[in-house]
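File shown here: model-v7.txt, holding compact mmCIF, C-alpha atoms.
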```txt
# COMPACT_ATOMS: atom_id res chain seq x y z
CA MET A 1 58.01 11.75 -75.55
CA SER A 2 54.44 12.82 -74.91
CA SER A 3 52.42 10.89 -72.45
CA ILE A 4 49.95 8.31 -73.74
CA ARG A 5 46.52 7.99 -72.20
CA ALA A 6 45.42 4.45 -71.31
CA ALA A 7 43.28 2.85 -74.01
CA VAL A 8 40.87 1.54 -71.37
CA ARG A 9 40.22 4.10 -68.66
CA LEU A 10 39.23 2.53 -65.36
CA ARG A 11 36.52 4.82 -64.04
CA THR A 12 34.67 4.09 -60.83
CA ARG A 13 32.20 1.48 -62.05
CA ALA A 14 34.74 -0.30 -64.26
CA LEU A 15 37.36 -0.20 -61.49
CA VAL A 16 34.95 -1.83 -59.04
CA ALA A 17 34.19 -4.57 -61.58
CA VAL A 18 37.91 -5.22 -62.17
CA VAL A 19 38.64 -5.33 -58.44
CA LEU A 20 35.77 -7.75 -57.81
CA ALA A 21 36.82 -9.94 -60.73
CA ALA A 22 40.44 -9.97 -59.53
CA PHE A 23 39.34 -10.83 -56.00
CA VAL A 24 37.11 -13.71 -57.06
CA GLY A 25 39.87 -14.85 -59.42
CA LEU A 26 42.28 -15.07 -56.49
CA VAL A 27 39.65 -16.98 -54.51
CA ALA A 28 39.31 -19.40 -57.42
CA PHE A 29 43.05 -20.00 -57.44
CA LEU A 30 43.59 -20.19 -53.69
CA TRP A 31 40.46 -21.98 -52.49
CA PRO A 32 42.32 -25.23 -51.60
CA PHE A 33 44.05 -23.31 -48.81
CA ALA A 34 40.90 -21.66 -47.48
CA VAL A 35 37.94 -24.07 -47.83
CA ALA A 36 37.36 -26.32 -44.84
CA PRO A 37 36.37 -29.94 -45.57
CA GLY A 38 32.65 -30.64 -45.34
CA ARG A 39 31.66 -27.04 -46.05
CA PHE A 40 31.41 -25.17 -49.35
CA GLY A 41 33.78 -27.85 -50.43
CA THR A 42 35.70 -29.53 -53.13
CA SER A 43 32.77 -30.93 -55.11
CA TYR A 44 30.76 -27.73 -55.46
CA ALA A 45 33.06 -24.73 -55.09
CA PRO A 46 35.04 -24.94 -58.36
CA PRO A 47 32.06 -25.15 -60.80
CA LEU A 48 30.31 -22.27 -59.07
CA ILE A 49 33.47 -20.19 -59.06
CA PHE A 50 33.96 -20.87 -62.79
CA GLY A 51 30.48 -19.51 -63.48
CA VAL A 52 31.00 -16.42 -61.34
CA LEU A 53 34.34 -15.77 -63.03
CA LEU A 54 32.86 -15.78 -66.51
CA VAL A 55 30.01 -13.50 -65.46
CA LEU A 56 32.49 -11.08 -63.89
CA VAL A 57 34.64 -11.06 -67.02
CA LEU A 58 31.60 -10.00 -69.02
CA ALA A 59 30.70 -7.47 -66.33
CA VAL A 60 34.16 -5.91 -66.61
CA VAL A 61 33.82 -5.43 -70.37
CA PHE A 62 30.22 -4.20 -70.25
CA ALA A 63 30.98 -1.84 -67.37
CA GLU A 64 33.90 -0.38 -69.31
CA ILE A 65 31.74 0.21 -72.38
CA ALA A 66 28.79 1.61 -70.42
CA ASP A 67 31.08 3.92 -68.45
CA GLY A 68 32.78 5.24 -71.56
CA GLY A 69 36.04 3.47 -70.76
CA ILE A 70 36.32 1.71 -74.13
CA ASP A 71 35.72 3.64 -77.35
CA SER A 72 35.58 2.25 -80.86
CA LYS A 73 39.32 2.71 -81.40
CA ALA A 74 40.21 0.83 -78.23
CA LEU A 75 37.77 -1.94 -79.15
CA ALA A 76 39.39 -2.22 -82.57
CA MET A 77 42.86 -2.42 -80.98
CA LEU A 78 41.59 -5.02 -78.52
CA GLY A 79 40.16 -7.12 -81.34
CA VAL A 80 43.34 -6.94 -83.42
CA LEU A 81 45.65 -7.90 -80.53
CA SER A 82 43.29 -10.65 -79.33
CA ALA A 83 43.30 -12.14 -82.82
CA LEU A 84 47.10 -11.80 -83.00
CA ASN A 85 47.58 -13.59 -79.70
CA ALA A 86 45.10 -16.29 -80.69
CA ALA A 87 47.11 -16.86 -83.89
CA LEU A 88 50.48 -16.81 -82.08
CA ARG A 89 49.55 -19.26 -79.34
CA PRO A 90 49.49 -22.44 -81.48
CA LEU A 91 53.06 -21.66 -82.63
CA GLY A 92 54.33 -22.54 -79.18
CA ALA A 93 51.45 -24.69 -77.92
CA GLY A 94 53.19 -24.96 -74.55
CA THR A 95 55.82 -27.41 -75.85
CA ALA A 96 58.66 -27.50 -73.30
CA GLY A 97 56.96 -24.52 -71.69
CA VAL A 98 57.30 -22.30 -74.78
CA GLU A 99 54.38 -19.86 -74.89
CA THR A 100 54.27 -17.17 -77.56
CA VAL A 101 51.42 -15.01 -76.26
CA PHE A 102 52.87 -13.47 -73.14
CA PHE A 103 55.33 -11.01 -74.65
CA VAL A 104 52.55 -9.29 -76.65
CA LEU A 105 50.37 -9.27 -73.54
CA VAL A 106 53.11 -7.71 -71.40
CA LEU A 107 54.00 -5.04 -73.96
CA ALA A 108 50.36 -4.17 -74.68
CA GLY A 109 49.58 -3.88 -70.98
CA ARG A 110 52.61 -1.63 -70.58
CA VAL A 111 51.59 0.76 -73.36
CA PHE A 112 47.78 0.73 -73.22
CA GLY A 113 47.33 0.46 -69.45
CA PRO A 114 46.24 -2.08 -66.81
CA GLY A 115 42.57 -2.06 -67.82
CA PHE A 116 43.45 -2.91 -71.40
CA GLY A 117 45.95 -5.54 -70.25
CA PHE A 118 43.35 -7.18 -68.02
CA THR A 119 40.74 -7.28 -70.78
CA LEU A 120 43.25 -8.44 -73.42
CA GLY A 121 44.36 -11.33 -71.23
CA CYS A 122 40.77 -12.56 -70.97
CA THR A 123 39.82 -12.08 -74.62
CA SER A 124 43.08 -13.52 -76.00
CA LEU A 125 42.72 -16.79 -74.15
CA PHE A 126 39.00 -16.99 -74.90
CA ALA A 127 39.61 -16.52 -78.64
CA SER A 128 42.50 -18.98 -78.58
CA ALA A 129 40.38 -21.60 -76.80
CA LEU A 130 37.66 -21.29 -79.44
CA ILE A 131 40.15 -21.61 -82.30
CA THR A 132 42.12 -24.54 -80.88
CA GLY A 133 39.22 -26.38 -79.22
CA GLY A 134 40.69 -25.75 -75.80
CA VAL A 135 37.41 -24.92 -74.08
CA GLY A 136 37.12 -26.68 -70.74
CA PRO A 137 37.02 -26.15 -66.98
CA TRP A 138 40.62 -24.91 -67.10
CA MET A 139 39.76 -22.01 -69.42
CA PRO A 140 38.64 -19.51 -66.73
CA TYR A 141 41.89 -20.13 -64.86
CA GLN A 142 43.91 -19.47 -68.02
CA MET A 143 41.89 -16.35 -68.80
CA PHE A 144 42.41 -14.88 -65.37
CA GLY A 145 46.05 -15.92 -65.21
CA CYS A 146 46.71 -13.97 -68.41
CA ALA A 147 44.49 -11.12 -67.21
CA PHE A 148 46.66 -10.73 -64.11
CA VAL A 149 49.82 -10.78 -66.26
CA GLY A 150 48.49 -8.02 -68.52
CA MET A 151 47.12 -5.92 -65.67
CA LEU A 152 50.32 -6.03 -63.61
CA ALA A 153 52.36 -5.08 -66.70
CA GLY A 154 50.34 -1.86 -66.87
CA LEU A 155 51.14 -1.12 -63.21
CA LEU A 156 54.92 -1.42 -63.48
CA PRO A 157 56.95 1.70 -62.57
CA ARG A 158 58.01 4.18 -65.21
CA ALA A 159 61.23 3.60 -67.12
CA ARG A 160 62.66 4.47 -70.51
CA GLY A 161 65.11 3.05 -72.98
CA ARG A 162 67.19 0.03 -72.07
CA SER A 163 66.03 0.17 -68.44
CA GLU A 164 62.43 -0.28 -69.56
CA ILE A 165 63.28 -3.28 -71.73
CA LEU A 166 65.19 -4.91 -68.86
CA LEU A 167 62.28 -4.18 -66.50
CA LEU A 168 59.74 -5.71 -68.89
CA ALA A 169 61.97 -8.69 -69.71
CA GLY A 170 62.49 -9.40 -66.00
CA TYR A 171 58.76 -9.07 -65.37
CA GLY A 172 58.05 -11.35 -68.34
CA ALA A 173 60.32 -14.02 -66.87
CA LEU A 174 58.70 -13.67 -63.45
CA SER A 175 55.21 -13.82 -64.97
CA GLY A 176 56.14 -17.09 -66.67
CA TYR A 177 56.72 -18.68 -63.27
CA LEU A 178 53.72 -16.94 -61.70
CA PHE A 179 51.35 -18.12 -64.44
CA GLY A 180 52.45 -21.74 -64.04
CA PHE A 181 52.27 -21.49 -60.26
CA LEU A 182 48.67 -20.26 -60.42
CA LEU A 183 47.53 -22.60 -63.19
CA ASN A 184 48.73 -25.68 -61.30
CA LEU A 185 46.20 -24.81 -58.60
CA SER A 186 43.40 -25.47 -61.10
CA PHE A 187 44.05 -29.22 -61.14
CA TRP A 188 46.27 -29.99 -58.14
CA PRO A 189 43.36 -30.87 -55.78
CA PHE A 190 42.02 -33.46 -58.28
CA SER A 191 45.09 -34.88 -60.00
CA LEU A 192 46.90 -37.10 -57.47
CA ASP A 193 46.22 -40.06 -55.24
CA PRO A 194 45.35 -38.64 -51.79
CA GLY A 195 47.96 -40.98 -50.35
CA SER A 196 50.76 -39.11 -52.14
CA SER A 197 52.96 -36.86 -50.02
CA ILE A 198 52.43 -33.97 -52.45
CA ALA A 199 48.67 -34.40 -52.98
CA TYR A 200 45.97 -32.04 -51.76
CA LEU A 201 44.50 -33.28 -48.48
CA PRO A 202 41.49 -31.36 -47.09
CA GLY A 203 41.77 -30.34 -43.47
CA LEU A 204 45.53 -29.98 -43.24
CA PRO A 205 46.96 -26.83 -41.64
CA PHE A 206 47.85 -24.08 -44.08
CA THR A 207 51.61 -24.48 -43.66
CA GLU A 208 51.56 -28.19 -44.42
CA GLN A 209 49.15 -27.74 -47.32
CA TRP A 210 51.37 -24.99 -48.71
CA HIS A 211 54.47 -27.20 -48.37
CA ARG A 212 52.71 -29.99 -50.29
CA TYR A 213 51.78 -27.63 -53.09
CA LEU A 214 55.27 -26.15 -53.38
CA ALA A 215 56.69 -29.67 -53.65
CA PHE A 216 54.07 -30.54 -56.29
CA ASP A 217 54.83 -27.39 -58.30
CA VAL A 218 58.59 -27.99 -58.26
CA ALA A 219 58.25 -31.69 -59.10
CA THR A 220 55.77 -31.36 -61.94
CA SER A 221 56.12 -27.99 -63.69
CA LEU A 222 59.28 -26.09 -62.74
CA GLY A 223 60.95 -27.11 -66.00
CA TRP A 224 57.96 -26.02 -68.08
CA ASP A 225 57.71 -22.73 -66.21
CA THR A 226 61.40 -22.12 -66.83
CA GLY A 227 60.84 -22.63 -70.57
CA ARG A 228 58.01 -20.09 -70.46
CA ALA A 229 60.10 -17.61 -68.47
CA VAL A 230 63.06 -17.90 -70.87
CA THR A 231 60.76 -17.50 -73.88
CA ASN A 232 59.23 -14.35 -72.40
CA PHE A 233 62.63 -12.90 -71.53
CA VAL A 234 64.13 -13.58 -74.97
CA CYS A 235 61.07 -12.37 -76.94
CA ILE A 236 60.77 -9.13 -74.96
CA THR A 237 64.51 -8.47 -75.12
CA LEU A 238 64.70 -8.99 -78.89
CA ALA A 239 61.31 -7.73 -80.09
CA GLY A 240 60.41 -5.40 -77.23
CA PRO A 241 61.93 -2.15 -78.55
CA ALA A 242 60.29 -2.44 -81.99
CA VAL A 243 56.91 -3.59 -80.63
CA LEU A 244 56.83 -0.87 -77.97
CA THR A 245 57.57 1.75 -80.64
CA ALA A 246 54.80 0.41 -82.87
CA PHE A 247 52.28 0.26 -80.02
CA ARG A 248 53.08 3.79 -78.85
CA ARG A 249 52.85 5.16 -82.38
CA ALA A 250 49.46 3.48 -82.76
CA ALA A 251 48.33 4.87 -79.41
CA ARG A 252 49.36 8.42 -80.33
CA ARG A 253 47.58 8.24 -83.66
CA ALA A 254 44.47 6.69 -82.11
CA ARG A 255 44.32 9.54 -79.56
CA PHE A 256 42.29 7.56 -77.03
CA ASP A 257 41.98 10.68 -74.87
CA ALA A 258 40.59 12.88 -77.66
CA ALA A 259 37.16 14.27 -76.82
CA VAL A 260 34.44 14.97 -79.37
CA ARG A 261 33.47 18.65 -79.36
CA PHE A 262 30.58 20.28 -81.13
CA ASP A 263 30.56 23.91 -82.18
CA PRO A 264 27.00 25.27 -81.91
CA ARG A 265 27.91 28.20 -84.16
CA THR A 266 28.37 25.90 -87.15
CA THR A 267 25.56 23.45 -86.43
CA GLY A 268 22.13 24.48 -87.53
CA PRO A 269 19.00 23.02 -89.10
CA GLY A 270 19.88 20.78 -91.98
CA GLN A 271 23.63 20.91 -91.25
CA ASP A 272 25.81 18.05 -90.23
CA ALA A 273 27.53 18.12 -86.85
CA PRO A 274 31.25 18.84 -87.14
CA HIS A 275 33.77 16.14 -86.52
CA SER A 276 35.97 15.93 -83.46
```
Would you write out, as structure tokens, the structure that this file holds?
Amino acid sequence: MSSIRAAVRLRTRALVAVVLAAFVGLVAFLWPFAVAPGRFGTSYAPPLIFGVLLVLVLAVVFAEIADGGIDSKALAMLGVLSALNAALRPLGAGTAGVETVFFVLVLAGRVFGPGFGFTLGCTSLFASALITGGVGPWMPYQMFGCAFVGMLAGLLPRARGRSEILLLAGYGALSGYLFGFLLNLSFWPFSLDPGSSIAYLPGLPFTEQWHRYLAFDVATSLGWDTGRAVTNFVCITLAGPAVLTAFRRAARRARFDAAVRFDPRTTGPGQDAPHS
């Protein structure tokens, strides 16, 4: 099988934007373990981080386009898959942890590359939030959680055949737990009575804070995360071979790596430039 060039090529400027966005995204998730009480604290940090996150998401996309990393064919593919994920998400709606968007995100990130997976994770959740009325302070967390899932899928090691399906299914199950683990951080510091033994308490040592969060995650969402992990594993195992084949056929026909070349011998005054 011939190699397939990534739909979104991470050149220097785009790569810097993705790295910065990923870094600030991790800061947004992990700030309860790093911010000291009385400083850039609990009342002001999250809203500012939300704003920076959204600006960086736009910077990633604009940097890709300006740097030639996204052509019209990749943009069309991104739009189609974002719309597909936005339509699929209400089918599960998170009931019992069932989420129907992750298997497409994992498979698309695998075929079209980490840059495409990162961008698709952001745009899919943004489109879904607009359609379902799910816009709120949790949306940037969801966008970046899915962006990380898509990006890491594009960075998985090479495999073929049944080994690849097992690799992707295992990663899909793991990403179901990882997504829930990260998303819980978006509301944990604000959701419980400070007197609770699993509530966020500013000023505690990292180990004790971490222990409280692990207990909170297990007590409140482990069952939902398991439902998401099982859904991802089953969907990728059953639909993965066919969807991978379709995506790779589309990628070969799109020829994302094809360059436009002009032949000066056939281009003169009054003549149209030849096609690529």
So that I can see what lies close to Ala219 (chain A), please list as a ChimeraX atom specification the residues with an atom at most 12 Å from it, counting only C-alpha atoms and leaving out residues fewer than 4 positions away in the same chain. /A:181,184,197-199,212-215,223-225
One number please: CA of Thr123 (chain A) to CA of Pro140 (chain A), in Å, one decimal.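 Going from CA of Thr123 (chain A) over to CA of Pro140 (chain A) covers 10.9 Å.
Nearest to Gly227 (chain A) of all the residues A:Leu204, A:Val98, A:Ala147, A:Leu167 is A:Val98, counting only C-alpha atoms.
The environment of Gly180 (chain A) within 12 Å, counting only C-alpha atoms and disregarding residues fewer than 6 places along the same chain, consists of Phe29, Gly94, Gly97, Val98, Glu99, Tyr141, Gln142, Gly145, Cys146, Val149, Ala173, Leu174, Ser186, Phe187, Trp188, Leu214, Phe216, Asp217, Val218, Thr220, Ser221, Leu222, Gly223, Trp224, Asp225, Thr226, Gly227, Arg228 and Ala229 of chain A.
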CA of Leu244 (chain A) to CA of Arg162 (chain A), distance in Å rounded to a single decimal: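 Between CA of Leu244 (chain A) and CA of Arg162 (chain A) the gap works out to 12.0 Å.
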I'd like the contact shell of Arg89 (chain A) - 9 Å cut-off, only C-alpha atoms, skipping same-chain residues fewer than 5 positions apart - returned as a list in words. Leu84, Gly94, Glu99, Thr100, Val101, Leu125 and Ser128 of chain A
